[in-house]
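Participant: My structure is in my_file.txt, and what it holds is compact mmCIF, C-alpha atoms:
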```txt
# COMPACT_ATOMS: atom_id res chain seq x y z
CA MET A 1256 42.87 -8.27 -18.94
CA ARG A 1257 42.43 -7.96 -22.70
CA ARG A 1258 41.08 -11.45 -22.84
CA THR A 1259 38.65 -10.61 -20.01
CA ILE A 1260 37.43 -7.60 -21.90
CA LYS A 1261 36.98 -9.65 -25.05
CA SER A 1262 35.08 -12.37 -23.27
CA ALA A 1263 32.92 -9.81 -21.47
CA THR A 1264 32.11 -8.17 -24.78
CA LEU A 1265 31.30 -11.58 -26.14
CA THR A 1266 29.04 -12.34 -23.17
CA LEU A 1267 27.07 -9.16 -23.69
CA ALA A 1268 26.92 -9.73 -27.43
CA THR A 1269 25.58 -13.22 -26.79
CA LEU A 1270 22.92 -11.82 -24.49
CA LEU A 1271 21.82 -9.24 -27.07
CA VAL A 1272 21.90 -11.64 -29.99
CA GLY A 1273 20.15 -14.23 -27.85
CA ALA A 1274 17.32 -11.83 -27.16
CA SER A 1275 16.98 -10.89 -30.82
CA MET A 1276 16.85 -14.54 -31.85
CA LEU A 1277 13.73 -15.24 -29.82
CA PRO A 1278 10.78 -16.47 -31.85
CA ALA A 1279 9.77 -13.32 -33.66
CA GLY A 1280 6.45 -14.39 -35.15
CA ALA A 1281 5.81 -13.98 -38.83
CA VAL A 1282 4.06 -10.63 -38.94
CA ALA A 1283 4.90 -8.38 -41.86
CA THR A 1284 5.33 -4.65 -41.38
CA ASN A 1285 2.25 -2.99 -42.76
CA ALA A 1286 -0.53 -0.62 -41.82
CA GLU A 1287 -2.36 -3.39 -40.00
CA THR A 1288 0.47 -4.37 -37.67
CA VAL A 1289 1.18 -0.69 -37.00
CA LYS A 1290 -2.46 -0.25 -36.01
CA MET A 1291 -2.36 -3.35 -33.84
CA GLY A 1292 0.91 -2.18 -32.28
CA LYS A 1293 -0.61 1.14 -31.30
CA GLU A 1294 -3.65 -0.56 -29.78
CA VAL A 1295 -1.48 -2.93 -27.74
CA ALA A 1296 0.83 -0.07 -26.69
CA TYR A 1297 -2.09 2.07 -25.47
CA ASP A 1298 -4.10 -0.76 -23.85
CA ARG A 1299 -3.78 -0.46 -20.05
CA THR A 1300 -3.93 -4.22 -19.62
CA LYS A 1301 -1.30 -4.86 -22.32
CA GLY A 1302 1.68 -2.60 -23.04
CA ASN A 1303 0.34 0.41 -21.13
CA CYS A 1304 3.35 2.30 -22.48
CA LEU A 1305 1.66 5.63 -21.69
CA ALA A 1306 1.93 4.85 -17.98
CA CYS A 1307 5.59 5.85 -18.23
CA HIS A 1308 6.30 7.22 -21.73
CA MET A 1309 5.12 10.23 -23.66
CA MET A 1310 4.29 9.09 -27.16
CA ASP A 1311 2.35 10.02 -30.26
CA ASP A 1312 -1.14 11.40 -29.49
CA GLY A 1313 -1.46 9.57 -26.15
CA VAL A 1314 -3.33 11.61 -23.53
CA SER A 1315 -1.90 12.16 -20.02
CA PRO A 1316 1.31 10.18 -20.37
CA GLY A 1317 3.65 9.45 -17.46
CA ASP A 1318 7.20 10.74 -17.29
CA ILE A 1319 9.17 7.86 -15.79
CA GLY A 1320 10.65 6.65 -19.08
CA PRO A 1321 12.01 8.76 -21.95
CA PRO A 1322 9.61 10.14 -24.62
CA LEU A 1323 9.20 7.71 -27.50
CA ILE A 1324 10.20 9.87 -30.45
CA ALA A 1325 12.54 9.46 -33.43
CA MET A 1326 12.65 5.76 -32.71
CA LYS A 1327 14.25 4.74 -35.98
CA ALA A 1328 17.07 7.23 -35.48
CA ARG A 1329 17.59 6.14 -31.89
CA PHE A 1330 17.30 2.41 -32.59
CA PRO A 1331 18.54 1.81 -36.13
CA ASP A 1332 18.93 -1.84 -35.17
CA ARG A 1333 15.43 -3.30 -34.95
CA ALA A 1334 16.65 -6.22 -32.84
CA LYS A 1335 17.91 -3.82 -30.16
CA LEU A 1336 14.58 -2.06 -29.90
CA ARG A 1337 12.78 -5.38 -29.73
CA ALA A 1338 15.16 -6.63 -27.03
CA GLN A 1339 14.47 -3.48 -25.02
CA ILE A 1340 10.77 -4.36 -24.88
CA TRP A 1341 11.35 -8.09 -24.44
CA ASP A 1342 13.65 -7.65 -21.42
CA ALA A 1343 15.20 -4.24 -20.78
CA GLN A 1344 17.22 -5.67 -17.88
CA ILE A 1345 19.64 -7.32 -20.30
CA ASN A 1346 20.81 -3.90 -21.40
CA ASN A 1347 20.36 -2.20 -18.02
CA PRO A 1348 20.17 -4.38 -14.89
CA GLY A 1349 18.67 -1.56 -12.83
CA THR A 1350 15.91 -0.65 -15.27
CA ARG A 1351 12.37 -0.04 -14.10
CA MET A 1352 10.91 -1.21 -17.41
CA PRO A 1353 8.93 -4.47 -17.12
CA PRO A 1354 10.27 -7.42 -19.17
CA PHE A 1355 7.20 -7.73 -21.38
CA GLY A 1356 8.48 -10.68 -23.40
CA LYS A 1357 10.40 -12.57 -20.75
CA HIS A 1358 7.45 -12.40 -18.34
CA GLN A 1359 4.91 -13.01 -21.08
CA ALA A 1360 2.96 -9.83 -20.43
CA LEU A 1361 2.83 -9.52 -24.21
CA SER A 1362 2.97 -12.17 -26.92
CA GLU A 1363 5.85 -12.28 -29.39
CA ILE A 1364 3.46 -11.14 -32.13
CA GLU A 1365 2.29 -8.20 -30.01
CA ILE A 1366 5.89 -7.15 -29.37
CA ASP A 1367 6.64 -7.26 -33.10
CA ALA A 1368 3.57 -5.13 -33.75
CA ILE A 1369 4.68 -2.57 -31.14
CA VAL A 1370 8.10 -2.36 -32.78
CA ASP A 1371 6.41 -1.74 -36.15
CA TYR A 1372 4.35 0.99 -34.55
CA LEU A 1373 7.31 2.54 -32.70
CA TYR A 1374 9.20 2.85 -35.97
CA THR A 1375 6.48 5.20 -37.21
CA LEU A 1376 7.18 7.60 -34.31
CA MET B 544 36.75 -0.13 -29.22
CA THR B 545 38.87 -0.70 -26.12
CA ARG B 546 36.98 2.08 -24.36
CA LEU B 547 33.66 0.52 -25.29
CA ALA B 548 34.87 -2.84 -24.02
CA LEU B 549 35.90 -1.20 -20.76
CA VAL B 550 32.46 0.28 -20.37
CA VAL B 551 30.94 -3.11 -21.01
CA VAL B 552 33.15 -4.64 -18.32
CA LEU B 553 32.21 -1.90 -15.87
CA VAL B 554 28.53 -2.46 -16.55
CA LEU B 555 28.95 -6.17 -15.98
CA ILE B 556 30.91 -5.66 -12.77
CA THR B 557 28.28 -3.21 -11.53
CA SER B 558 25.52 -5.67 -12.25
CA ILE B 559 27.38 -8.43 -10.42
CA VAL B 560 27.98 -6.15 -7.43
CA LEU B 561 24.32 -5.11 -7.41
CA ALA B 562 23.17 -8.70 -7.66
CA ASP B 563 25.36 -9.63 -4.70
CA LYS B 564 24.18 -6.81 -2.46
CA ARG B 565 22.62 -8.24 0.67
CA ALA B 566 20.25 -6.83 3.25
CA THR B 567 22.89 -7.47 5.91
CA ASP B 568 25.41 -5.19 4.17
CA SER B 569 24.21 -2.12 6.07
CA THR B 570 22.89 -1.59 9.59
CA PRO B 571 19.40 -0.21 10.33
CA ALA B 572 21.01 3.07 11.45
CA GLU B 573 22.90 3.34 8.14
CA ASP B 574 19.72 2.48 6.22
CA LEU B 575 17.85 5.23 8.01
CA ARG B 576 20.53 7.80 7.17
CA LEU B 577 20.72 6.77 3.49
CA TYR B 578 16.94 6.74 3.20
CA ARG B 579 16.57 10.22 4.72
CA ASP B 580 19.41 11.63 2.61
CA PHE B 581 17.80 10.27 -0.53
CA PHE B 582 14.46 11.96 0.08
CA SER B 583 15.82 15.22 1.48
CA LYS B 584 17.99 15.55 -1.64
CA ARG B 585 15.16 14.77 -3.99
CA PHE B 586 12.66 17.00 -2.22
CA PRO B 587 14.78 19.69 -0.56
CA GLY B 588 13.32 21.96 2.10
CA ILE B 589 10.41 19.72 3.10
CA PRO B 590 10.23 19.17 6.89
CA LEU B 591 10.49 15.49 7.85
CA ASN B 592 7.01 15.19 9.31
CA GLU B 593 5.38 16.58 6.15
CA PHE B 594 6.34 13.36 4.36
CA GLY B 595 3.58 11.61 6.29
CA ASN B 596 1.14 13.22 3.86
CA GLY B 597 2.23 10.96 1.03
CA THR B 598 1.83 12.28 -2.48
CA TYR B 599 0.20 15.46 -1.13
CA THR B 600 3.57 16.40 0.32
CA ILE B 601 4.91 17.03 -3.16
CA ASP B 602 1.91 17.46 -5.48
CA SER B 603 0.49 20.93 -4.88
CA VAL B 604 -2.55 20.46 -7.12
CA SER B 605 -3.95 17.36 -5.44
CA ARG B 606 -2.83 18.76 -2.07
CA ASP B 607 -5.51 21.46 -2.29
CA SER B 608 -8.38 19.04 -2.86
CA TRP B 609 -6.98 16.72 -0.20
CA LYS B 610 -6.90 19.57 2.32
CA ALA B 611 -10.53 20.29 1.53
CA ILE B 612 -11.37 16.62 2.15
CA GLU B 613 -9.43 16.55 5.43
CA ALA B 614 -11.42 19.61 6.63
CA PHE B 615 -14.47 17.33 6.86
CA PRO B 616 -12.83 13.92 6.94
CA PRO B 617 -14.71 10.95 5.48
CA TYR B 618 -13.33 8.74 8.27
CA THR B 619 -15.01 10.58 11.17
CA PRO B 620 -17.94 8.11 11.42
CA MET B 621 -15.43 5.23 11.50
CA ILE B 622 -13.56 6.76 14.43
CA GLU B 623 -16.89 6.92 16.28
CA ALA B 624 -17.74 3.34 15.33
CA GLY B 625 -14.29 2.34 16.58
CA GLU B 626 -14.88 4.09 19.89
CA THR B 627 -18.12 2.13 20.34
CA LEU B 628 -16.23 -1.10 19.63
CA TRP B 629 -13.50 -0.12 22.10
CA ASN B 630 -16.11 0.40 24.82
CA THR B 631 -18.09 -2.75 24.07
CA VAL B 632 -17.65 -5.23 26.90
CA PHE B 633 -16.60 -8.77 25.92
CA ALA B 634 -18.82 -11.72 26.87
CA ASN B 635 -16.42 -12.51 29.73
CA GLY B 636 -16.81 -9.02 31.18
CA ASN B 637 -13.40 -7.72 30.07
CA THR B 638 -12.75 -4.94 27.57
CA TYR B 639 -9.81 -3.96 25.37
CA VAL B 640 -8.36 -2.04 28.31
CA ASN B 641 -7.58 -5.39 29.95
CA CYS B 642 -5.10 -5.95 27.10
CA PHE B 643 -4.13 -2.37 26.29
CA HIS B 644 -3.52 -0.96 29.77
CA GLU B 645 -2.53 2.49 28.52
CA GLY B 646 -5.90 2.93 26.80
CA PRO B 647 -6.56 3.49 23.09
CA GLY B 648 -3.71 5.98 22.49
CA GLN B 649 -0.79 3.62 22.16
CA ARG B 650 -0.02 3.46 18.49
CA LYS B 651 3.58 4.30 19.48
CA ASN B 652 4.01 0.84 20.98
CA PHE B 653 3.48 -0.97 17.66
CA PRO B 654 4.87 -2.69 15.74
CA TYR B 655 7.38 -4.17 18.17
CA TRP B 656 9.67 -7.17 18.32
CA ASP B 657 8.50 -9.88 20.70
CA SER B 658 11.76 -11.51 21.81
CA LYS B 659 10.03 -14.46 23.47
CA ARG B 660 7.91 -15.42 20.49
CA LYS B 661 10.54 -14.21 18.02
CA MET B 662 8.08 -12.30 15.86
CA VAL B 663 6.94 -8.82 14.92
CA VAL B 664 3.71 -7.91 16.70
CA THR B 665 1.58 -5.31 14.92
CA LEU B 666 -1.36 -3.44 16.42
CA PRO B 667 -4.01 -5.36 14.43
CA LEU B 668 -2.41 -8.64 15.50
CA ALA B 669 -2.44 -7.52 19.15
CA ILE B 670 -6.13 -6.56 18.81
CA ASN B 671 -7.06 -10.03 17.58
CA GLU B 672 -4.88 -11.74 20.17
CA CYS B 673 -6.72 -9.71 22.81
CA ARG B 674 -10.06 -10.83 21.38
CA THR B 675 -9.22 -14.53 21.21
CA ALA B 676 -7.65 -14.44 24.68
CA ASN B 677 -11.02 -13.17 25.91
CA GLY B 678 -13.11 -15.73 24.05
CA GLU B 679 -14.12 -13.41 21.20
CA LYS B 680 -13.84 -14.20 17.50
CA PRO B 681 -10.89 -12.58 15.66
CA LEU B 682 -11.74 -9.79 13.20
CA SER B 683 -10.78 -9.96 9.54
CA TYR B 684 -7.64 -7.93 8.90
CA GLN B 685 -8.27 -5.82 5.82
CA LYS B 686 -11.27 -3.59 6.52
CA GLY B 687 -14.45 -3.21 8.52
CA ALA B 688 -14.52 -3.50 12.30
CA ILE B 689 -10.75 -3.80 12.74
CA ALA B 690 -10.17 -0.72 10.57
CA ASN B 691 -12.70 1.21 12.68
CA LEU B 692 -11.00 0.16 15.89
CA LEU B 693 -7.61 1.10 14.44
CA ALA B 694 -9.04 4.46 13.36
CA TYR B 695 -10.16 5.19 16.91
CA MET B 696 -6.85 4.07 18.44
CA SER B 697 -4.78 5.93 15.83
CA TYR B 698 -6.81 9.10 16.30
CA ALA B 699 -6.21 8.89 20.04
CA SER B 700 -2.48 8.44 19.28
CA ARG B 701 -2.01 11.30 16.82
CA GLY B 702 1.29 13.07 17.37
CA GLN B 703 3.00 10.11 19.01
CA LYS B 704 6.47 9.55 17.60
CA ILE B 705 7.48 6.41 15.76
CA ASP B 706 10.38 4.81 17.58
CA ILE B 707 10.96 1.29 16.29
CA GLU B 708 13.61 -0.63 18.20
CA ILE B 709 15.53 -3.58 16.86
CA PRO B 710 16.63 -5.14 20.13
CA ASP B 711 18.40 -8.35 19.17
CA LYS B 712 19.80 -10.58 16.43
CA ASP B 713 16.47 -12.21 15.63
CA ALA B 714 14.80 -8.82 15.36
CA LEU B 715 17.53 -7.73 12.99
CA ALA B 716 16.91 -10.82 10.87
CA ALA B 717 13.20 -9.95 10.65
CA TYR B 718 14.08 -6.34 9.78
CA ASN B 719 16.41 -7.56 7.04
CA GLU B 720 13.68 -9.82 5.66
CA GLY B 721 11.38 -6.82 5.46
CA LYS B 722 14.12 -4.82 3.81
CA SER B 723 14.81 -7.55 1.25
CA PHE B 724 11.09 -7.72 0.48
CA TYR B 725 11.09 -3.97 -0.04
CA PHE B 726 13.93 -3.98 -2.55
CA ALA B 727 13.10 -7.24 -4.37
CA ARG B 728 11.59 -7.24 -7.84
CA ARG B 729 8.20 -8.88 -7.81
CA GLY B 730 5.40 -9.96 -10.11
CA GLN B 731 4.98 -10.01 -13.86
CA LEU B 732 5.78 -6.30 -14.03
CA ASN B 733 8.98 -6.88 -12.06
CA PHE B 734 8.79 -3.81 -9.80
CA SER B 735 10.13 -3.57 -6.27
CA CYS B 736 8.50 -1.21 -3.76
CA ALA B 737 11.60 0.99 -4.15
CA HIS B 738 11.34 1.21 -7.95
CA CYS B 739 8.12 3.20 -7.69
CA HIS B 740 8.36 4.88 -4.30
CA MET B 741 12.07 5.71 -4.08
CA GLU B 742 13.55 5.89 -7.57
CA SER B 743 10.38 7.25 -9.19
CA ALA B 744 8.98 9.21 -6.25
CA GLY B 745 7.55 12.47 -7.52
CA MET B 746 7.39 11.21 -11.09
CA HIS B 747 4.12 10.44 -12.81
CA MET B 748 2.49 7.19 -13.78
CA ARG B 749 -0.06 8.60 -16.18
CA THR B 750 -1.46 11.44 -14.05
CA ASP B 751 -0.72 9.84 -10.67
CA THR B 752 2.19 11.33 -8.76
CA LEU B 753 4.12 8.48 -7.17
CA SER B 754 4.33 9.09 -3.43
CA PRO B 755 7.65 9.12 -1.59
CA ALA B 756 8.18 6.01 0.54
CA LEU B 757 9.30 8.09 3.49
CA GLY B 758 6.36 8.27 5.90
CA HIS B 759 4.38 5.49 4.22
CA ALA B 760 3.70 3.84 7.58
CA THR B 761 2.45 6.87 9.52
CA GLY B 762 -1.16 7.52 8.49
CA TRP B 763 -3.04 4.22 8.82
CA PRO B 764 -5.80 3.20 8.57
CA VAL B 765 -6.61 5.11 5.40
CA TYR B 766 -9.94 6.12 3.90
CA ARG B 767 -9.24 5.65 0.23
CA SER B 768 -11.66 7.20 -2.25
CA LYS B 769 -10.91 4.32 -4.60
CA TRP B 770 -12.09 1.87 -1.91
CA GLY B 771 -14.90 4.10 -0.66
CA GLU B 772 -14.05 2.86 2.83
CA LEU B 773 -11.31 2.44 5.39
CA GLY B 774 -8.55 -0.07 4.87
CA THR B 775 -5.48 -1.28 6.73
CA LEU B 776 -1.81 -1.00 5.79
CA HIS B 777 -1.66 -4.69 4.90
CA ARG B 778 -4.66 -4.28 2.60
CA ARG B 779 -2.63 -1.66 0.75
CA PHE B 780 0.39 -4.00 0.64
CA SER B 781 -1.84 -6.61 -1.02
CA GLY B 782 -3.12 -4.04 -3.51
CA CYS B 783 0.42 -2.98 -4.40
CA ASN B 784 1.46 -6.59 -4.93
CA GLU B 785 -1.56 -7.16 -7.16
CA GLN B 786 -0.77 -4.05 -9.17
CA VAL B 787 2.64 -5.42 -10.09
CA ARG B 788 0.81 -8.68 -10.91
CA ALA B 789 2.29 -10.65 -8.04
CA LYS B 790 0.41 -13.01 -5.76
CA PRO B 791 -0.28 -11.04 -2.59
CA PHE B 792 0.52 -12.41 0.85
CA LYS B 793 -2.10 -12.61 3.56
CA ALA B 794 -2.68 -9.62 5.82
CA GLN B 795 -0.63 -10.19 9.00
CA SER B 796 1.50 -12.83 7.29
CA LYS B 797 5.11 -12.94 8.46
CA GLU B 798 6.14 -11.31 5.17
CA TYR B 799 3.91 -8.27 5.62
CA ARG B 800 4.62 -7.94 9.35
CA ASN B 801 8.36 -7.87 8.65
CA LEU B 802 7.78 -5.38 5.83
CA GLU B 803 5.81 -3.17 8.22
CA TYR B 804 8.64 -3.45 10.74
CA PHE B 805 11.21 -2.26 8.18
CA LEU B 806 8.94 0.44 6.77
CA SER B 807 8.03 1.77 10.22
CA HIS B 808 11.70 1.91 11.19
CA MET B 809 12.31 4.04 8.10
CA SER B 810 9.76 6.50 9.52
CA ASN B 811 11.42 6.67 12.96
CA GLY B 812 11.11 10.13 14.47
CA MET B 813 8.01 10.96 12.43
CA GLU B 814 4.56 11.24 13.99
CA TYR B 815 1.71 8.78 13.72
CA ASP B 816 -1.09 10.75 12.09
CA GLY B 817 -3.76 8.18 11.23
CA PRO B 818 -6.42 7.84 10.15
CA SER B 819 -5.99 9.74 6.92
CA ALA B 820 -7.67 10.26 3.56
CA ARG B 821 -6.12 9.32 0.25
CA ARG B 822 -7.30 9.28 -3.32
```
What does this structure look like when you write it as structure tokens?
Facilitator:
Amino acid sequence: MRRTIKSATLTLATLLVGASMLPAGAVATNAETVKMGKEVAYDRTKGNCLACHMMDDGVSPGDIGPPLIAMKARFPDRAKLRAQIWDAQINNPGTRMPPFGKHQALSEIEIDAIVDYLYTL
Amino acid sequence: MTRLALVVVLVLITSIVLADKRATDSTPAEDLRLYRDFFSKRFPGIPLNEFGNGTYTIDSVSRDSWKAIEAFPPYTPMIEAGETLWNTVFANGNTYVNCFHEGPGQRKNFPYWDSKRKMVVTLPLAINECRTANGEKPLSYQKGAIANLLAYMSYASRGQKIDIEIPDKDALAAYNEGKSFYFARRGQLNFSCAHCHMESAGMHMRTDTLSPALGHATGWPVYRSKWGELGTLHRRFSGCNEQVRAKPFKAQSKEYRNLEYFLSHMSNGMEYDGPSARR
């Protein structure tokens, strides 16, 4: 049983690490990527995060997902936050959140920019 | 650490169990009970038939403007156009009554399982089969003349109860296909029908209140303000599939007919109340 637990932990760890090791693009965190991240997050044809999440100064947000506040405190590990956007099903198989990276709804660079932006919230 | 590991194992087991869940695991009667329980728990105190009003069942603000619209319904001219079509004699001298012996008010008879042909027959399909059998051209399935005809027939059928039967093994297989379609993730956005209209029913996508799935099959055809015209149930299926960025199936495809069969069964006991107006 102990071995099973260990190997299961390892499997999950592999999944999480695997997701964080995806090509991350070489965008530095700065005012420009934060600005880009916000634009992509608000764009209805891109992230459209406001469809489900309350965040920042976004008007008429949905309430299906949790409010995006205190992101750095809630996700101290940047890779975890990124993996959540890339494919939230890895962490929660029943999630309603679209796998923006896995299904290429957003580019890797756009996801990085969103993470930069989220860390300002 | 051990506790965390245990949680991890439980999560993994749950995901495996969920992944292995099959449509055949529960009977239609069990599905119906689970489905009803889900919605009556989420929206307590709402009478069953009220759910046919979609999002207006639960969103009091948009309900008021909807009631005002339904007082002078935008679909009235289409019902009249449909009546004219119903009464128009085919080139061979027959009319729709030669196919629909009970007259226009027989929404209750559709969709049904045709045991001989082993397929779900919907009302629009039966209309076109009637036309072609009488030497007329089939109508296109999403809007226009067929929607008008459906509006007239549905109006004449208002108050009839949905009573979908699943008479044999093949019918059950078709029902289960519809059910699998309903619960399967689809498209780039990876949503199933149930993700939005069961799990998130009553929640908001931006300012839109997501309608409860219960009663989704009762009110067709629908005059949708977004369309500015009448459309059929399968047109809405296509629109939903496109919204999750999936390739839609054709109206009256086997996929959509089976989905309609499942969805209608989930509304058993409710009244047909089409046509209706939606935002």
Participant: Identify every residue of chain A that has at least one atom within 7 Å of any atom of chain B, counting only C-alpha atoms, and report the result as a PyMOL selection string.
Facilitator: chain A and resi 1260+1263-1264+1305-1307+1315-1319+1348+1351+1353-1354+1358+1360
Participant: So that I have them on file, write out the residues from the current selection with C-alpha atoms, as a PDB file, in the frame of the given file.
Facilitator:
```
ATOM      1  CA  ILE A1260      37.430  -7.600 -21.900  1.00  0.00           C
ATOM      2  CA  ALA A1263      32.920  -9.810 -21.470  1.00  0.00           C
ATOM      3  CA  THR A1264      32.110  -8.170 -24.780  1.00  0.00           C
ATOM      4  CA  LEU A1305       1.660   5.630 -21.690  1.00  0.00           C
ATOM      5  CA  ALA A1306       1.930   4.850 -17.980  1.00  0.00           C
ATOM      6  CA  CYS A1307       5.590   5.850 -18.230  1.00  0.00           C
ATOM      7  CA  SER A1315      -1.900  12.160 -20.020  1.00  0.00           C
ATOM      8  CA  PRO A1316       1.310  10.180 -20.370  1.00  0.00           C
ATOM      9  CA  GLY A1317       3.650   9.450 -17.460  1.00  0.00           C
ATOM     10  CA  ASP A1318       7.200  10.740 -17.290  1.00  0.00           C
ATOM     11  CA  ILE A1319       9.170   7.860 -15.790  1.00  0.00           C
ATOM     12  CA  PRO A1348      20.170  -4.380 -14.890  1.00  0.00           C
ATOM     13  CA  ARG A1351      12.370  -0.040 -14.100  1.00  0.00           C
ATOM     14  CA  PRO A1353       8.930  -4.470 -17.120  1.00  0.00           C
ATOM     15  CA  PRO A1354      10.270  -7.420 -19.170  1.00  0.00           C
ATOM     16  CA  HIS A1358       7.450 -12.400 -18.340  1.00  0.00           C
ATOM     17  CA  ALA A1360       2.960  -9.830 -20.430  1.00  0.00           C
TER      18      ALA A1360
END
```
Participant: Which of these residues is nearest to Gly1302 in chain A, using all atoms listed in the file: A:Leu1376, A:Ala1286, A:Thr1350, A:Ile1340?
Facilitator: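 Ranking A:Leu1376, A:Ala1286, A:Thr1350, A:Ile1340 by distance to Gly1302 in chain A, first place goes to A:Ile1340.
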Participant: From the set B:Glu785, B:Ala676, B:Asn811, B:Val765, which residue has the shortest atom-to-atom contact distance to Glu613 in chain B, counting all atoms listed in the file?
Facilitator: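 Among B:Glu785, B:Ala676, B:Asn811, B:Val765, it is B:Val765 that comes nearest to Glu613 in chain B.
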Participant: Pick from A:Met1291, A:Met1309, A:Cys1304, A:Ala1343: nearest to Asp1371 in chain A, with all atoms listed in the file counted?
Facilitator: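 That would be A:Met1291, the residue with the smallest distance to Asp1371 in chain A.
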Participant: Can you measure CA of Gly1292 in chain A to CA of Ile1345 in chain A for me? One decimal in Å is fine.
Facilitator: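 Atom-to-atom, CA of Gly1292 in chain A to CA of Ile1345 in chain A, that is 22.8 Å.
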Participant: Excluding Ile1324 in chain A and any residue of its chain fewer than 6 positions from it, enumerate the residues within 12 Å of it, using all atoms listed in the file, and give them as a compact mmCIF listing (two decimals) with C-alpha atoms, keeping the file's coordinate frame.
Facilitator:
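Result saved to around.txt:
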```txt
# COMPACT_ATOMS: atom_id res chain seq x y z
CA HIS A 1308 6.30 7.22 -21.73
CA MET A 1309 5.12 10.23 -23.66
CA MET A 1310 4.29 9.09 -27.16
CA ASP A 1311 2.35 10.02 -30.26
CA ASP A 1312 -1.14 11.40 -29.49
CA PHE A 1330 17.30 2.41 -32.59
CA TYR A 1372 4.35 0.99 -34.55
CA LEU A 1373 7.31 2.54 -32.70
CA TYR A 1374 9.20 2.85 -35.97
CA THR A 1375 6.48 5.20 -37.21
CA LEU A 1376 7.18 7.60 -34.31
```
Participant: In Å, rounded to a single decimal, give me how far CA of Glu1363 in chain A is from CA of Asp1298 in chain A.
Facilitator: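 Pair CA of Asp1298 in chain A / CA of Glu1363 in chain A returns 16.2 Å.
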Participant: Report, in Å with one decimal, the straight-line distance from CA of Tyr639 in chain B to CA of Cys673 in chain B.
Facilitator: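 According to the coordinates, CA of Tyr639 in chain B and CA of Cys673 in chain B are separated by 7.0 Å.
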Participant: Grab all the atoms of range 1321-1337 of chain A that the file lists, wrap them in a box along x, y and z, add 4 Å per side, and give me centre plus edge lengths in Å (one decimal) as JSON.
Facilitator:
```
{"center_x": 14.1, "center_y": 2.0, "center_z": -29.0, "size_x": 17.7, "size_y": 24.4, "size_z": 22.2}
```
Participant: Ranking B:Gly595, B:Pro571, B:Pro818, B:Pro710 by minimum distance to Leu693 in chain B and counting only C-alpha atoms, which one comes first?
Facilitator: B:Pro818
Participant: Do a neighbour search on Thr1288 in chain A at 9 Å with all atoms listed in the file, toss out local chain neighbours closer than 6 positions, and write the hits as a short mmCIF file (atom, residue, chain, number, x, y, z; two decimals) with C-alpha atoms, keeping the file's coordinate frame.
Facilitator:
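The new file selection-v7.cif reads:
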```cif
data_model
loop_
_atom_site.label_atom_id
_atom_site.label_comp_id
_atom_site.auth_asym_id
_atom_site.auth_seq_id
_atom_site.Cartn_x
_atom_site.Cartn_y
_atom_site.Cartn_z
CA VAL A 1282 4.06 -10.63 -38.94
CA GLU A 1365 2.29 -8.20 -30.01
CA ASP A 1367 6.64 -7.26 -33.10
CA ALA A 1368 3.57 -5.13 -33.75
CA ILE A 1369 4.68 -2.57 -31.14
CA ASP A 1371 6.41 -1.74 -36.15
CA TYR A 1372 4.35 0.99 -34.55
#
```
Participant: Would you kindly return, as a VMD selection string, each protein, DNA or RNA residue with an atom no farther than 6 Å from any atom of Trp1341 in chain A, considering only C-alpha atoms and excluding same-chain residues fewer than 3 positions away?
Facilitator: chain A and resid 1338 1354 to 1357
Participant: Pick the closest to Thr675 in chain B from B:Gln649, B:Ser700, B:Asn637, B:Thr570: which is it, counting only C-alpha atoms?
Facilitator: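 Smallest separation from Thr675 in chain B among the options: B:Asn637.
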Participant: Could you name the residues that touch range 574-590 of chain B at 12 Å or less, counting all atoms listed in the file, but leaving out those on the same chain fewer than 6 positions away, as an MDAnalysis selection string?
Facilitator: chainID B and resid 566:568 596 598:602 707 718:719 722 737 740:746 754:758 805:813
Participant: Kindly indicate which residue among B:Val632, B:Ala760, B:Ala727, B:Ala820 lies nearest to Gly678 in chain B, using only C-alpha atoms for the distances.
Facilitator: B:Val632
